[in-house]
Amino acid sequence: MSDPASHGPLRRTATLLFEGWGYNQYRRENQLRADDLLVRSRVSDLLAAARAGLSALESAFRRAHLPPPTRANPYPDAGAVAQAQALARAGAEIGAIEGRIRAAPAPERDEIWRRHRNEAQTLAALGDLDTQMVALVLELQDRLDAADATAAADPAFPDAVLGALRPLAGKVEERANFLRLHFA
């Protein structure tokens with residue numbers, strides 16, 4: 001194609017739009033790459049909402065089980081403090097995984113390597129991993145949405161949340177290994 005700068009402003013703008021400023025937006029690989037970014041953004045948003053829900057449960061638990069100290073009872077119940085700390089740790093773990101997903105590298109667009117690998121197939125496989133992550137996050141969110149202050153008081157509840165996070169953390173690690181293997 002000829003140099004867009006040699007054409008008038010309307011033709012130059014149309015050419016740049018169709019070529020995407022050097023990034024052909026109509027290629028399947030580019031659509032899959034953009035979908036990966038979008039899915040990870042949505043997964044991060046869902047995890048942030050799950051963390052906010054758990055934080056609300058923790059606050060409700062603290063209000064119900066950790067009253068202000070009085071002269072007659074100056075120290076809080078050690079079990080309630082431990083439960084509140086466990087809920088806070090579970091929330092922090094959700095935040096850590098959310099940060100790992102949000103900061104995960106995107107597959108690079110490399111013209112040289114594209115000749116030596118099937119980029120569309122690799123990106124589609126990455127999309128499958130992203131879909132599995134979505135399923136795990138939705139399962140966690142359903143669990144937290146069904147919970148109330150009574151569930152938050154159950155000593156097994158923080159461990160159940162952490163148990164639901166383990167497969168998600170494994171999937172995030174699997175995705176990172178996949179990228180290292182196929183895009184390094």
# chains A, B, ... in the order shown; residues from 1 in each chain; ligands from 1
>>> residues_around(residues="Pro158 of chain A", least_positions_apart="2", cutoff="7 Å", atoms="only C-alpha atoms", output="PyMOL selection string")
chain A and resi 86-87+90+155-156+160-162
>>> select_by_dssp(residues="chain A", states="helix (DSSP H, G or I)", output="VMD selection string")
chain A and resid 4 to 6 9 to 19 28 to 65 78 to 102 111 to 114 119 to 146 149 to 153 157 to 183
>>> closest_atom_pairs(of="segment 19-128 of chain A", to="segment 147-154 of chain A", cutoff="12 Å", atoms="only C-alpha atoms", output="Markdown table")
| residue | atom | partner | partner_atom | distance |
| --- | --- | --- | --- | --- |
| A:Ala50 | CA | A:Ala147 | CA | 11.3 |
| A:Gly53 | CA | A:Ala147 | CA | 9.3 |
| A:Leu54 | CA | A:Ala152 | CA | 8.7 |
| A:Ser55 | CA | A:Ala152 | CA | 10.4 |
| A:Ala56 | CA | A:Ala149 | CA | 9.2 |
| A:Leu57 | CA | A:Ala149 | CA | 5.9 |
| A:Glu58 | CA | A:Ala152 | CA | 7.0 |
| A:Ser59 | CA | A:Ala149 | CA | 9.1 |
| A:Ala60 | CA | A:Ala149 | CA | 6.1 |
| A:Phe61 | CA | A:Ala149 | CA | 5.8 |
| A:Arg62 | CA | A:Ala149 | CA | 9.5 |
| A:Arg63 | CA | A:Ala149 | CA | 9.9 |
| A:Ala64 | CA | A:Ala149 | CA | 8.4 |
| A:His65 | CA | A:Ala153 | CA | 8.5 |
| A:Leu66 | CA | A:Ala153 | CA | 11.5 |
| A:Gly79 | CA | A:Ala153 | CA | 10.0 |
| A:Ala80 | CA | A:Ala153 | CA | 8.1 |
| A:Val81 | CA | A:Ala153 | CA | 10.9 |
| A:Ala82 | CA | A:Ala153 | CA | 10.6 |
| A:Gln83 | CA | A:Ala153 | CA | 7.1 |
| A:Ala84 | CA | A:Ala153 | CA | 8.6 |
| A:Gln85 | CA | A:Ala152 | CA | 11.6 |
| A:Ala86 | CA | A:Ala152 | CA | 10.0 |
| A:Leu87 | CA | A:Ala152 | CA | 7.7 |
| A:Ala88 | CA | A:Ala152 | CA | 11.1 |
| A:Ala90 | CA | A:Ala152 | CA | 11.4 |
>>> closest_residue(among="A:Ala103, A:Leu181, A:Leu144, A:Leu37", to="Ala52 of chain A", atoms="only C-alpha atoms")
A:Leu144
>>> closest_residue(among="A:Leu165, A:Leu179, A:Ile101, A:Leu38", to="Leu126 of chain A", atoms="only C-alpha atoms")
A:Leu179
>>> closest_residue(among="A:Glu98, A:Leu123, A:Ala104, A:Glu93", to="His182 of chain A", atoms="only C-alpha atoms")
A:Leu123
>>> closest_residue(among="A:Arg102, A:Ala164, A:Ala124, A:Asp130", to="Arg143 of chain A", atoms="only C-alpha atoms")
A:Ala164
>>> atom_distance(atom1="atom CA of Gly91 of chain A", atom2="atom CA of Arg51 of chain A")
5.5 Å
>>> atom_distance(atom1="atom CA of Leu136 of chain A", atom2="atom CA of Arg166 of chain A")
9.8 Å
>>> closest_residue(among="A:Gln121, A:Asn177, A:Gln132, A:Asn73", to="Val43 of chain A", atoms="only C-alpha atoms")
A:Gln132
>>> residues_around(residues="Gly99 of chain A", least_positions_apart="6", cutoff="10 Å", atoms="only C-alpha atoms", output="JSON, numbers by chain")
{"A": [44, 47, 48, 93]}
>>> atom_distance(atom1="atom CA of Arg180 of chain A", atom2="atom CA of Asp35 of chain A")
19.1 Å
